[in-house]
Structure formats: structure tokens, C-alpha cells
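This report refers to the structure that appears directly beneath it.
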Amino acid sequence: MQISRLKLKHQILLIFLFSIFIFTIMEVYSYYSFYNLTQKRAINYGNTIIEQTRQKIDSIFNDIKVSTNIAVDNKWVQEFTIADDDYKRGFEIGTYVIDLIEYMRFFNSYLSGIVITDNQGRKISSLATANGDITFSNQYIHFINSFNNESETDVKGKFTNLLKDEKTGNAYFFYIAPIIEAIGGVQFSKKTGYCSVIVNMEKIQDLVENTELTPNSALYILNSQNEVIASNHAKLHGNLFKEILSIDSQSLTNGVKTKINGEDVIVQAKGLRQADEWRIVSMIPVHELTTDMNAIKNISIIAGIGIILSMMILGYFFLNNLTRPVMGLVSDMKKIGNRDRGFRVKVRSTNEVGVLAYDINRMIDNMEEMTSHVISTQARLYEAELSKKQAEFSALQSQINPHFLYNTLNCISSIGLEYGSKEIAQMTSSMSKIFRYSIEKSDLVLISEEIQCIKAYLNIISIRYENKFALEVKVDDKLLGMKTPKMILQPIVENSVYHGLESMDAGGQLCVSGNMDENGDICFQVADTGKGIGQDELERMKAKLHMAYSERVKNSLEGKSIGLSNINNRIKLLFGEGYGVEIESQLGIGTTVIVKIPSM
């Protein structure tokens with residue numbers, strides 16, 4: 001179904017519903033975009049924390065490795081592991097080695113102890129007395145034995161697992177590096193012992209705890225066996241790591257959102273560069289990262305709901321205040337369309353719809369008034385036309401039949417020729433031509449026929465006045481094939497003769513000319529050199545020629561439209577107000593009548 005066929009109120013309702021739907025979609029999209037933004041923020045924050053912590057731990061482990069390498073590469077340390085003379089080992093070399101490892105431990109607070117051991121198990125150490133001697137622990141001895149049994153080619157140091165002191169219960173881990181003899185002795189390039197560096201876990205723990213995190217965030221350092229080396233959240237150990245560390249490592253690096261104890265957290269893990277398979281794991285509650293953004297989110301939701309409610313209320317008032325008057329207007333217009341005469345549109349409001357209803361009522365009033373006026377005018381015109389027809393019928397009854405008169409004139413012309421009266425024959429022949437031309441049924445004739453009628457009339461005038469006047473016809477040949485209303489020039493020529501030239505003794509001139517003006521219209525001029533017309537009479541004649549259409553009709557119905565006025569009215573009725581008759585005259589000089597018609 002096309003929407004354009006629905007009612008206006010249904011179309012408006014659809015528009016509002018569609019707008020609400022689009023806005024709701026935008027609000028939901030905005031909410032989830034905000035939600036995703038907060039999650040990215042949590043991931044970026046966790047990534048920043050992990051990266052900072054990793055750099056610190058890597059820096060500490062690198063310092064431990066550097067210190068250890070200094071020890072294992074030292075000449076006296078190497079001599080200590082290969083010397084057979086106990087005295088020399090104990091008093092000469094041992095004293096120097098003790099000073100070296102004491103110095104190393106003093107300047108690196110992350111070292112709790114350093115132990116130099118040779119292949120025979122002889123050792124020299126510098127330990128923090130408060131922590132006890134872990135080197136006598138069975139776990140340590142077992143790890144050292146396994147390390148000592150590794151391949152001679154394995155000269156890479158490594159970090160141990162967590163080792164617990166059976167006496168104190170404290171946990172430790174070591175960085176152990178092999179001592180390779182490089183001073184050119186019998187055991188050159190062979191492993192002669194090892195250097196064990198005890199890492200200060202309290203310092204590592206302090207580093208983790210002092211890391212800036214949200215209140216309930218957790219940060220862990222895990223070794224290659226996923227044992228917790230340091231943490232700021234001791235409660236979240238054990239099964240927690242079995243669940244989290246089973247996640248794909250790539251996903252953990254990028255950040256994974258999961259639930260821990262029913263709470264949404266972002267978990268991230270990154271490996272340490274200075275310790276193989278060691279990693280840092282962070283768990284940050286999502287809500288703690290978005291707390292400061294909740295206000296914005298809540299405001300957005302409240303604003304969205306408010307806008308939707310406002311749109312619904314606005315839609316209701318819009319439908320009620322606009323479509324109701326419009327539908328009422330449509331209903332009233334249908335009644336008017338069914339020609340319920342006298343019914344008017346109800347004005348239901350004062351807005352534009354009310355103005356429209358008011359204007360429709362006013363238009364209906366004007367139309368009914370105009371219809372009444374048209375009917376009255378048509379009735380009057382019908383009565384006038386009927387009266388005119390009756391008058392014409394009466395006039396025809398009282399006039400001589402033109403056909404009878406035409407035949408009579410031909411008979412007189414024949415008698416004149418029989419008795420030798422040439423003038424009578426010419427006059428009657430010319431008159432018969434004029435009458436024959438006048439009884440043609442067509443109102444439009446060729447200009448050549450109109451000119452022949454003029455020439456016939458001038459022939460009669462020449463005989464009657466014995467060539468007293470100079471008569472001339474000058475019509476452009478290209479006009480002869482065009483058409484003109486019948487009998488528009490003969491009455492004008494007749495007026496020129498009887499009102500202008502007849503009172504003159506001799507020397508009068510009459511010229512009938514015709515040409516085409518610059519606009520392509522046909523102009524006839526009938527000019528005489530008669531006595532002319534006085535100024536007052538001339539103005540009255542011009543006033544009649546230029547009177548309004550209603551006055552011309554009135555004069556015509558009253559029988560006052562004769563001569564020039566009659567010809568002027570005929571032309572204007574046929575061709576419009578731009579055509580007709582004009583007259584110019586001066587006393588003692590003459591008169592010129594101009595007839596303008598369109599070219600046809």
C-alpha cells in the first residue's frame with residue numbers, strides 16, 4: 001500500500017513513529033558505543049599499568065642479571081671455584097670474593113643474598129641474617145643438584161621456582177648462573193660452579209602494592225609455573241589462575257572481559273622480557289573504570305527518554321490540533337461538493353486552518369453571488385437578443401426584398417440601354433452590383449470584393465455629380481487576397497461625400513487607400529478635402545468610438561449605434577479592442593477616417 005494513499009493523520013502518525021524509532025535506535029547505538037568506549041578505556045588503562053609494572057620488573061631482573069654476570073666473570077670468583085689450596089682459598093681469594101659479593105648486595109636492594117658454590121659443593125656467601133640460610137633447604141639442594149647435572153653447553157642463567165625454607169616457612173626464588181672458567185687453567189671454558197642470587201621478594205611485593213590501581217583491582221607476577229611471586233590481592237589465588245590462564249594468550253594480551261565472583265572484569269596478561277615464561281596479570285573491575293562516566297551515561301539515558309516522551313506528547317497534540325480541523329474541513333468540503341446549497345465550512349480553530357476555512361466560506365459567498373449575477377445577466381441578454389430578433393424580423397417585413405430590388409435594377413438597366421440612356425444603365429448596373437454584394441451571406445469577404453463595391457459606388461457618385469470631385473482608390477495589391485468584414489468602407493465613403501464634399505462647388509477630392517502597417521495590421525484610410533468637422537462635434541464622435549463595451553452594447557440595443565459607431569462596434573466585436581475606427585478632421589481642410597483590422 002502506498003503511503004500517499006493513507007489519510008493525512010495516518011501519514012503524520014507514521015512520521016512520528018518512524019522518528020521515535022530512529023531516535024531510539026540512535027540512543028541504543030549511543031549507549032553501546034559508550035559501553036564499548038568504557039571497555040576500551042579499561043583495557044587501555046590495564047595495558048598502561050601492566051606495561052609500567054613490566055618495565056620496572058624487567059629493569060630489576062636486568063640489574064640482577066648484570067650483577068650476577070659481574071660475579072661469574074670475576075677472576076677471583078673463578079679462581080675460588082678451581083683453587084685446591086684451602087688456605088689460599090680461604091684467606092686470599094675468599095676475602096676478596098666476600099668483599100665483592102657484599103658490595104654487590106649492599107648496592108642492590110633487590111638482592112637478599114649471593115652464594116658462590118663450586119662443583120665440590122664448597123661455597124662462600126653473603127646473606128641477610130634476618131632471612132636465614134635457605135641454601136641449606138632440601139628444596140634448594142635438590143634444585144642445585146638438578147641444575148648442576150644440566151649440560152655443560154647450557155651456560156644460560158635462569159630464575160628458579162618458589163622455594164620454601166622448612167624452618168621459617170618463607171618463600172624465595174633465585175637467579176642462578178653458571179661460572180665458566182675463563183682464566184686459562186686446566187678447566188678452561190668448563191662449568192666450575194655457579195652463582196646463586198636470592199631475590200628480595202619483599203621489595204618485589206612492595207613494588208606491586210605501590211602500583212596505582214583502582215581500589216579492587218588485582219595485579220600479579222607469575223613465574224613459569226604460574227606461581228604467584230608477588231600480588232596486591234592475596235585472596236584471588238589458586239583456582240582463579242586455572243580459569244584465567246586457560247584463555248588464549250593472544251586474547252589475554254589484548255584484554256578479555258570475563259566474570260570473576262559474579263563481577264565483570266578486564267583481564268590482561270603480558271610476558272616479562274627478562275624472565276622466560278614469566279608474566280604480569282591484571283584484573284580490573286569494569287565498573288570502577290566507568291564510575292566517573294556513569295553520570296554522563298545516566299544523563300544521556302534520561303535525556304533520551306525525555307526526548308522520546310516529548311516527541312510522543314508533541315505528536316499527540318500535533319495530530320489533535322492539526323489533523324482534526326483538517327479532517328473536519330475535508331468533511332465539510334465534501335458536503336459543499338455534493339451541492340448542499342447554503343452550507344458553510346465550520347471554523348474550528350483560529351490558526352491557518354481556521355483562516356483557510358474562513359477564506360473558503362468567503363469564496364463560496366462570492367461564487368454564489370457571481371453565479372446569481374451571471375444568471376441574471378444571461379437572462380437580460382437573452383431577453384435583449386429576443387427583442388432584437390423580433391425587431392429585425394419586423395424590419396425585414398417592412399423592407400423591400402433585396403433580391404427583388406436587385407432584379408428590378410437589372411431591368412431598369414436594360415430599359416436604359418434600349419432607350420440610349422447610358423448614364424441610367426451605368427448607375428443601375430453599379431447599384432445592382434452593390435446590392436448583389438450586400439446580400440452575400442458571409443460576413444468576411446475578400447478585400448478585392450470590398451474595393452469593387454467602393455468603385456461601383458464611386459461610379460454612381462461620378463455620374464450623379466457630373467465628375468465634380470476627384471475620386472481615387474489606391475489599395476496595395478498584396479492586400480486584395482486578404483479578408484475584411486463586409487460593407488465597412490462604403491458607409492464611410494458615403495459619409496465623406498454627403499457630409500464633406502457635397503456642399504462644395506468644385507475641386508473636392510476623395511481618396512480611398514489601403515496598406516499594411518509596421519505591426520502587420522491592415523489600415524484603410526478614407527480622406528476627403530471637404531468642409532471638415534468642428535472640434536466639439538469631433539470630440540463627441542471620438543467619445544462614441546472610444547466608449548466602454550457595456551455602453552456600446554446599450555446604444556446598440558437602443559438603436560443609437562449608426563454609421564461610424566456601428567462599423568467600429570462590429571470590428572471590435574470581431575477582432576478585439578485593439579482594432580476599430582479612428583477619425584481626424586479640421587474645419588476647412590477635410591476629414592480622414594482610419595479603419596484598422598488584422599491581416600487574414
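All residue names refer to the C-alpha cells as shown: chains lettered A, B, ... in order, residues numbered from 1 in each chain, ligands numbered from 1 in order.
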Exercise for review: Pull the alpha helix (DSSP H) assignments for segment 37-256 of chain A out of DSSP run on the backbone, and list those residues as a PyMOL selection string.
Suggested key: chain A and resi 37-72+75-82+86-87+94-107+138-148+201-209+239-244+249-254
Practice item. Go through A:Ile594, A:Met600, A:Ala527, A:Met541 one by one, measure the shortest atom-to-atom distance of each to Pro485 of chain A using only C-alpha atoms, and give the residue with the smallest value. Key: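 Ranking A:Ile594, A:Met600, A:Ala527, A:Met541 by distance to Pro485 of chain A, first place goes to A:Met600.
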Practice item. Find the residue from A:Ile597, A:Ile43, A:Met363, A:Leu219 that sits nearest to Gly576 of chain A; use only C-alpha atoms when measuring. Key: A:Ile597
Practice item. Please identify which residues in segment 4-170 of chain A DSSP calls strand (DSSP E or B) from the backbone, and express them as a list in words. Key: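 Here is the list: Leu111, Ser112, Gly113, Ile114, Val115, Ile116, Thr117, Asp118, Lys123, Ile124, Ser125, Ser126, Leu127, Lys158, Phe159, Leu163 and Lys164 of chain A.
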Review point. Within 7 Å of segment 444-461 of chain A, counting only C-alpha atoms, which residues qualify if same-chain residues fewer than 3 places away don't, as a count of residues only?
Key: 15
Review point. From the set A:Thr192, A:Asn74, A:Ser33, A:Ser372, which residue has the shortest atom-to-atom contact distance to Thr117 of chain A, counting only C-alpha atoms?
Key: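 Looking at the shortest contact to Thr117 of chain A, the residue is A:Thr192.
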Check your understanding: Using only C-alpha atoms, which of A:Val28, A:Val493, A:Val208, A:Ile183 sits nearest Ser300 of chain A?
Key ->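 Nearest to Ser300 of chain A: A:Val28.
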Residues near segment 266-272 of chain A, cut-off 10 Å, only C-alpha atoms, skip fewer than 4 positions along chain, as a PDB file with N, CA, C and O atoms, in the first residue's frame:
```pdb
ATOM      1  N   GLN A  39      34.845   0.056  27.915  1.00  0.00           N
ATOM      2  CA  GLN A  39      35.623  -1.183  27.927  1.00  0.00           C
ATOM      3  C   GLN A  39      37.014  -0.948  27.339  1.00  0.00           C
ATOM      4  O   GLN A  39      38.014  -1.438  27.873  1.00  0.00           O
ATOM      5  N   LYS A  40      37.069  -0.187  26.240  1.00  0.00           N
ATOM      6  CA  LYS A  40      38.377   0.138  25.664  1.00  0.00           C
ATOM      7  C   LYS A  40      39.206   0.950  26.652  1.00  0.00           C
ATOM      8  O   LYS A  40      40.426   0.774  26.744  1.00  0.00           O
ATOM      9  N   ALA A  42      39.038   0.718  29.884  1.00  0.00           N
ATOM     10  CA  ALA A  42      39.536  -0.205  30.895  1.00  0.00           C
ATOM     11  C   ALA A  42      40.728  -0.989  30.370  1.00  0.00           C
ATOM     12  O   ALA A  42      41.733  -1.177  31.078  1.00  0.00           O
ATOM     13  N   ILE A  43      40.618  -1.442  29.122  1.00  0.00           N
ATOM     14  CA  ILE A  43      41.723  -2.210  28.535  1.00  0.00           C
ATOM     15  C   ILE A  43      42.972  -1.347  28.412  1.00  0.00           C
ATOM     16  O   ILE A  43      44.092  -1.790  28.741  1.00  0.00           O
ATOM     17  N   TYR A  45      43.716   1.278  30.135  1.00  0.00           N
ATOM     18  CA  TYR A  45      44.234   1.566  31.467  1.00  0.00           C
ATOM     19  C   TYR A  45      45.026   0.375  32.009  1.00  0.00           C
ATOM     20  O   TYR A  45      46.149   0.524  32.527  1.00  0.00           O
ATOM     21  N   GLY A  46      44.432  -0.836  31.876  1.00  0.00           N
ATOM     22  CA  GLY A  46      45.129  -2.032  32.334  1.00  0.00           C
ATOM     23  C   GLY A  46      46.424  -2.242  31.587  1.00  0.00           C
ATOM     24  O   GLY A  46      47.449  -2.639  32.176  1.00  0.00           O
ATOM     25  N   ASN A  47      46.395  -1.982  30.283  1.00  0.00           N
ATOM     26  CA  ASN A  47      47.604  -2.142  29.479  1.00  0.00           C
ATOM     27  C   ASN A  47      48.700  -1.179  29.943  1.00  0.00           C
ATOM     28  O   ASN A  47      49.876  -1.532  30.007  1.00  0.00           O
ATOM     29  N   ILE A  50      50.066  -2.502  33.320  1.00  0.00           N
ATOM     30  CA  ILE A  50      50.918  -3.682  33.118  1.00  0.00           C
ATOM     31  C   ILE A  50      52.245  -3.286  32.488  1.00  0.00           C
ATOM     32  O   ILE A  50      53.317  -3.764  32.873  1.00  0.00           O
ATOM     33  N   GLU A  51      52.185  -2.412  31.503  1.00  0.00           N
ATOM     34  CA  GLU A  51      53.409  -2.012  30.809  1.00  0.00           C
ATOM     35  C   GLU A  51      54.360  -1.305  31.765  1.00  0.00           C
ATOM     36  O   GLU A  51      55.582  -1.557  31.754  1.00  0.00           O
ATOM     37  N   THR A  53      54.473  -1.670  35.057  1.00  0.00           N
ATOM     38  CA  THR A  53      54.985  -2.655  36.016  1.00  0.00           C
ATOM     39  C   THR A  53      56.002  -3.570  35.355  1.00  0.00           C
ATOM     40  O   THR A  53      57.036  -3.925  35.960  1.00  0.00           O
ATOM     41  N   ARG A  54      55.701  -3.993  34.113  1.00  0.00           N
ATOM     42  CA  ARG A  54      56.633  -4.866  33.413  1.00  0.00           C
ATOM     43  C   ARG A  54      57.986  -4.187  33.212  1.00  0.00           C
ATOM     44  O   ARG A  54      59.047  -4.811  33.372  1.00  0.00           O
ATOM     45  N   GLN A  55      57.970  -2.927  32.860  1.00  0.00           N
ATOM     46  CA  GLN A  55      59.232  -2.217  32.673  1.00  0.00           C
ATOM     47  C   GLN A  55      60.035  -2.160  33.969  1.00  0.00           C
ATOM     48  O   GLN A  55      61.272  -2.317  33.963  1.00  0.00           O
ATOM     49  N   ILE A  57      59.794  -4.343  36.576  1.00  0.00           N
ATOM     50  CA  ILE A  57      60.282  -5.685  36.914  1.00  0.00           C
ATOM     51  C   ILE A  57      61.424  -6.086  35.997  1.00  0.00           C
ATOM     52  O   ILE A  57      62.454  -6.660  36.442  1.00  0.00           O
ATOM     53  N   ASP A  58      61.248  -5.800  34.682  1.00  0.00           N
ATOM     54  CA  ASP A  58      62.319  -6.127  33.736  1.00  0.00           C
ATOM     55  C   ASP A  58      63.608  -5.390  34.085  1.00  0.00           C
ATOM     56  O   ASP A  58      64.718  -5.926  33.950  1.00  0.00           O
ATOM     57  N   PHE A  61      65.099  -7.221  37.133  1.00  0.00           N
ATOM     58  CA  PHE A  61      65.685  -8.505  36.748  1.00  0.00           C
ATOM     59  C   PHE A  61      66.943  -8.294  35.900  1.00  0.00           C
ATOM     60  O   PHE A  61      67.899  -9.080  36.004  1.00  0.00           O
ATOM     61  N   SER A 217      41.197  -3.562  42.103  1.00  0.00           N
ATOM     62  CA  SER A 217      41.966  -4.193  41.034  1.00  0.00           C
ATOM     63  C   SER A 217      43.017  -5.127  41.626  1.00  0.00           C
ATOM     64  O   SER A 217      43.463  -4.958  42.763  1.00  0.00           O
ATOM     65  N   ALA A 218      43.393  -6.126  40.841  1.00  0.00           N
ATOM     66  CA  ALA A 218      44.407  -7.087  41.275  1.00  0.00           C
ATOM     67  C   ALA A 218      45.533  -7.141  40.258  1.00  0.00           C
ATOM     68  O   ALA A 218      45.287  -7.110  39.046  1.00  0.00           O
ATOM     69  N   LEU A 219      46.778  -7.220  40.773  1.00  0.00           N
ATOM     70  CA  LEU A 219      47.954  -7.299  39.912  1.00  0.00           C
ATOM     71  C   LEU A 219      48.844  -8.427  40.428  1.00  0.00           C
ATOM     72  O   LEU A 219      49.135  -8.506  41.624  1.00  0.00           O
ATOM     73  N   TYR A 220      49.256  -9.325  39.524  1.00  0.00           N
ATOM     74  CA  TYR A 220      50.042 -10.495  39.910  1.00  0.00           C
ATOM     75  C   TYR A 220      51.270 -10.604  39.029  1.00  0.00           C
ATOM     76  O   TYR A 220      51.230 -10.280  37.841  1.00  0.00           O
ATOM     77  N   ILE A 221      52.365 -11.125  39.676  1.00  0.00           N
ATOM     78  CA  ILE A 221      53.551 -11.547  38.924  1.00  0.00           C
ATOM     79  C   ILE A 221      53.630 -13.057  39.062  1.00  0.00           C
ATOM     80  O   ILE A 221      53.709 -13.594  40.177  1.00  0.00           O
ATOM     81  N   LEU A 222      53.562 -13.755  37.929  1.00  0.00           N
ATOM     82  CA  LEU A 222      53.563 -15.212  37.917  1.00  0.00           C
ATOM     83  C   LEU A 222      54.847 -15.708  37.265  1.00  0.00           C
ATOM     84  O   LEU A 222      55.318 -15.135  36.271  1.00  0.00           O
ATOM     85  N   ASN A 223      55.407 -16.811  37.853  1.00  0.00           N
ATOM     86  CA  ASN A 223      56.592 -17.409  37.240  1.00  0.00           C
ATOM     87  C   ASN A 223      56.168 -18.409  36.169  1.00  0.00           C
ATOM     88  O   ASN A 223      54.986 -18.519  35.834  1.00  0.00           O
ATOM     89  N   SER A 224      57.136 -19.166  35.662  1.00  0.00           N
ATOM     90  CA  SER A 224      56.853 -20.095  34.573  1.00  0.00           C
ATOM     91  C   SER A 224      55.920 -21.220  35.000  1.00  0.00           C
ATOM     92  O   SER A 224      55.298 -21.871  34.156  1.00  0.00           O
ATOM     93  N   ILE A 244      41.596 -18.439  34.414  1.00  0.00           N
ATOM     94  CA  ILE A 244      42.006 -17.315  33.586  1.00  0.00           C
ATOM     95  C   ILE A 244      43.097 -17.711  32.609  1.00  0.00           C
ATOM     96  O   ILE A 244      43.056 -17.372  31.429  1.00  0.00           O
ATOM     97  N   LEU A 245      44.087 -18.451  33.105  1.00  0.00           N
ATOM     98  CA  LEU A 245      45.239 -18.766  32.270  1.00  0.00           C
ATOM     99  C   LEU A 245      44.927 -19.814  31.211  1.00  0.00           C
ATOM    100  O   LEU A 245      45.773 -20.120  30.366  1.00  0.00           O
ATOM    101  N   SER A 249      46.432 -16.999  24.972  1.00  0.00           N
ATOM    102  CA  SER A 249      47.404 -15.979  25.399  1.00  0.00           C
ATOM    103  C   SER A 249      47.291 -14.701  24.580  1.00  0.00           C
ATOM    104  O   SER A 249      47.478 -13.598  25.109  1.00  0.00           O
ATOM    105  N   GLN A 250      46.987 -14.840  23.286  1.00  0.00           N
ATOM    106  CA  GLN A 250      46.845 -13.640  22.451  1.00  0.00           C
ATOM    107  C   GLN A 250      45.672 -12.788  22.910  1.00  0.00           C
ATOM    108  O   GLN A 250      45.739 -11.558  22.948  1.00  0.00           O
ATOM    109  N   SER A 251      44.575 -13.464  23.300  1.00  0.00           N
ATOM    110  CA  SER A 251      43.401 -12.737  23.799  1.00  0.00           C
ATOM    111  C   SER A 251      43.724 -12.045  25.101  1.00  0.00           C
ATOM    112  O   SER A 251      43.303 -10.904  25.347  1.00  0.00           O
ATOM    113  N   LEU A 252      44.501 -12.737  25.983  1.00  0.00           N
ATOM    114  CA  LEU A 252      44.875 -12.116  27.250  1.00  0.00           C
ATOM    115  C   LEU A 252      45.751 -10.895  27.039  1.00  0.00           C
ATOM    116  O   LEU A 252      45.656  -9.910  27.772  1.00  0.00           O
ATOM    117  N   THR A 253      46.604 -10.958  26.038  1.00  0.00           N
ATOM    118  CA  THR A 253      47.463  -9.800  25.756  1.00  0.00           C
ATOM    119  C   THR A 253      46.629  -8.588  25.354  1.00  0.00           C
ATOM    120  O   THR A 253      46.920  -7.450  25.755  1.00  0.00           O
ATOM    121  N   ASN A 254      45.564  -8.823  24.544  1.00  0.00           N
ATOM    122  CA  ASN A 254      44.726  -7.711  24.076  1.00  0.00           C
ATOM    123  C   ASN A 254      43.675  -7.292  25.087  1.00  0.00           C
ATOM    124  O   ASN A 254      43.056  -6.246  24.941  1.00  0.00           O
ATOM    125  N   GLY A 255      43.445  -8.141  26.082  1.00  0.00           N
ATOM    126  CA  GLY A 255      42.444  -7.819  27.089  1.00  0.00           C
ATOM    127  C   GLY A 255      41.167  -8.606  26.869  1.00  0.00           C
ATOM    128  O   GLY A 255      40.614  -8.616  25.766  1.00  0.00           O
ATOM    129  N   VAL A 256      40.706  -9.295  27.900  1.00  0.00           N
ATOM    130  CA  VAL A 256      39.498 -10.117  27.823  1.00  0.00           C
ATOM    131  C   VAL A 256      38.551  -9.696  28.937  1.00  0.00           C
ATOM    132  O   VAL A 256      38.972  -9.531  30.088  1.00  0.00           O
ATOM    133  N   LYS A 257      37.276  -9.556  28.548  1.00  0.00           N
ATOM    134  CA  LYS A 257      36.275  -9.253  29.566  1.00  0.00           C
ATOM    135  C   LYS A 257      35.651 -10.568  30.027  1.00  0.00           C
ATOM    136  O   LYS A 257      35.207 -11.384  29.227  1.00  0.00           O
ATOM    137  N   THR A 258      35.635 -10.784  31.340  1.00  0.00           N
ATOM    138  CA  THR A 258      35.075 -12.018  31.896  1.00  0.00           C
ATOM    139  C   THR A 258      34.457 -11.702  33.263  1.00  0.00           C
ATOM    140  O   THR A 258      34.497 -10.547  33.721  1.00  0.00           O
ATOM    141  N   LYS A 259      33.875 -12.730  33.861  1.00  0.00           N
ATOM    142  CA  LYS A 259      33.254 -12.559  35.181  1.00  0.00           C
ATOM    143  C   LYS A 259      34.074 -13.316  36.218  1.00  0.00           C
ATOM    144  O   LYS A 259      34.426 -14.486  36.020  1.00  0.00           O
ATOM    145  N   ILE A 260      34.353 -12.679  37.317  1.00  0.00           N
ATOM    146  CA  ILE A 260      35.032 -13.289  38.452  1.00  0.00           C
ATOM    147  C   ILE A 260      34.217 -12.980  39.697  1.00  0.00           C
ATOM    148  O   ILE A 260      34.001 -11.793  40.023  1.00  0.00           O
ATOM    149  N   ASP A 276      61.985 -15.873  31.170  1.00  0.00           N
ATOM    150  CA  ASP A 276      61.218 -16.705  30.243  1.00  0.00           C
ATOM    151  C   ASP A 276      59.972 -17.267  30.918  1.00  0.00           C
ATOM    152  O   ASP A 276      60.042 -17.828  32.035  1.00  0.00           O
ATOM    153  N   GLU A 277      58.827 -17.106  30.203  1.00  0.00           N
ATOM    154  CA  GLU A 277      57.533 -17.651  30.610  1.00  0.00           C
ATOM    155  C   GLU A 277      57.001 -17.025  31.900  1.00  0.00           C
ATOM    156  O   GLU A 277      56.062 -17.550  32.505  1.00  0.00           O
ATOM    157  N   TRP A 278      57.600 -15.964  32.366  1.00  0.00           N
ATOM    158  CA  TRP A 278      57.037 -15.199  33.466  1.00  0.00           C
ATOM    159  C   TRP A 278      56.087 -14.160  32.862  1.00  0.00           C
ATOM    160  O   TRP A 278      56.280 -13.690  31.748  1.00  0.00           O
ATOM    161  N   ARG A 279      55.103 -13.808  33.646  1.00  0.00           N
ATOM    162  CA  ARG A 279      54.151 -12.829  33.130  1.00  0.00           C
ATOM    163  C   ARG A 279      53.536 -11.994  34.256  1.00  0.00           C
ATOM    164  O   ARG A 279      53.607 -12.397  35.437  1.00  0.00           O
ATOM    165  N   ILE A 280      52.953 -10.882  33.820  1.00  0.00           N
ATOM    166  CA  ILE A 280      52.214  -9.997  34.732  1.00  0.00           C
ATOM    167  C   ILE A 280      50.752 -10.048  34.332  1.00  0.00           C
ATOM    168  O   ILE A 280      50.408  -9.909  33.149  1.00  0.00           O
ATOM    169  N   VAL A 281      49.883 -10.259  35.293  1.00  0.00           N
ATOM    170  CA  VAL A 281      48.441 -10.369  35.047  1.00  0.00           C
ATOM    171  C   VAL A 281      47.728  -9.280  35.848  1.00  0.00           C
ATOM    172  O   VAL A 281      48.029  -9.083  37.033  1.00  0.00           O
ATOM    173  N   SER A 282      46.800  -8.580  35.170  1.00  0.00           N
ATOM    174  CA  SER A 282      45.992  -7.559  35.863  1.00  0.00           C
ATOM    175  C   SER A 282      44.521  -7.900  35.698  1.00  0.00           C
ATOM    176  O   SER A 282      44.100  -8.421  34.665  1.00  0.00           O
ATOM    177  N   MET A 283      43.765  -7.637  36.746  1.00  0.00           N
ATOM    178  CA  MET A 283      42.306  -7.818  36.723  1.00  0.00           C
ATOM    179  C   MET A 283      41.673  -6.551  37.279  1.00  0.00           C
ATOM    180  O   MET A 283      41.846  -6.241  38.465  1.00  0.00           O
ATOM    181  N   ILE A 284      40.981  -5.830  36.394  1.00  0.00           N
ATOM    182  CA  ILE A 284      40.423  -4.519  36.774  1.00  0.00           C
ATOM    183  C   ILE A 284      38.905  -4.568  36.623  1.00  0.00           C
ATOM    184  O   ILE A 284      38.394  -4.847  35.523  1.00  0.00           O
ATOM    185  N   PRO A 285      38.127  -4.325  37.669  1.00  0.00           N
ATOM    186  CA  PRO A 285      36.661  -4.285  37.570  1.00  0.00           C
ATOM    187  C   PRO A 285      36.216  -3.166  36.615  1.00  0.00           C
ATOM    188  O   PRO A 285      36.710  -2.038  36.707  1.00  0.00           O
ATOM    189  N   VAL A 286      35.313  -3.526  35.740  1.00  0.00           N
ATOM    190  CA  VAL A 286      34.869  -2.559  34.734  1.00  0.00           C
ATOM    191  C   VAL A 286      34.175  -1.367  35.382  1.00  0.00           C
ATOM    192  O   VAL A 286      34.402  -0.215  35.006  1.00  0.00           O
TER     193      VAL A 286
END
```
Check your understanding: For Thr592 of chain A, which of A:Val72, A:Met547, A:Ile101, A:Leu510 is the closest residue, counting only C-alpha atoms?
Key ->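 Of the candidates, the smallest distance to Thr592 of chain A is held by A:Leu510.
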Check your understanding: Could you pull the residues within 10 Å of His499 of chain A, counting only C-alpha atoms, minus those fewer than 2 positions along the same chain, as an MDAnalysis selection string?
Key -> chainID A and resid 493:497 501:503 530:533 591
**Study point:** Contact residues around Ile307 of chain A with only C-alpha atoms at 10 Å, ignoring same-chain residues under 4 positions, as a PyMOL selection string
**Key:** chain A and resi 20+23-24+301-303+311-313
Check your understanding: Neighbours of Gln509 of chain A within 8 Å (only C-alpha atoms; same-chain residues fewer than 3 positions away dropped), as a PyMOL selection string?
Key -> chain A and resi 469-471+501+528-530
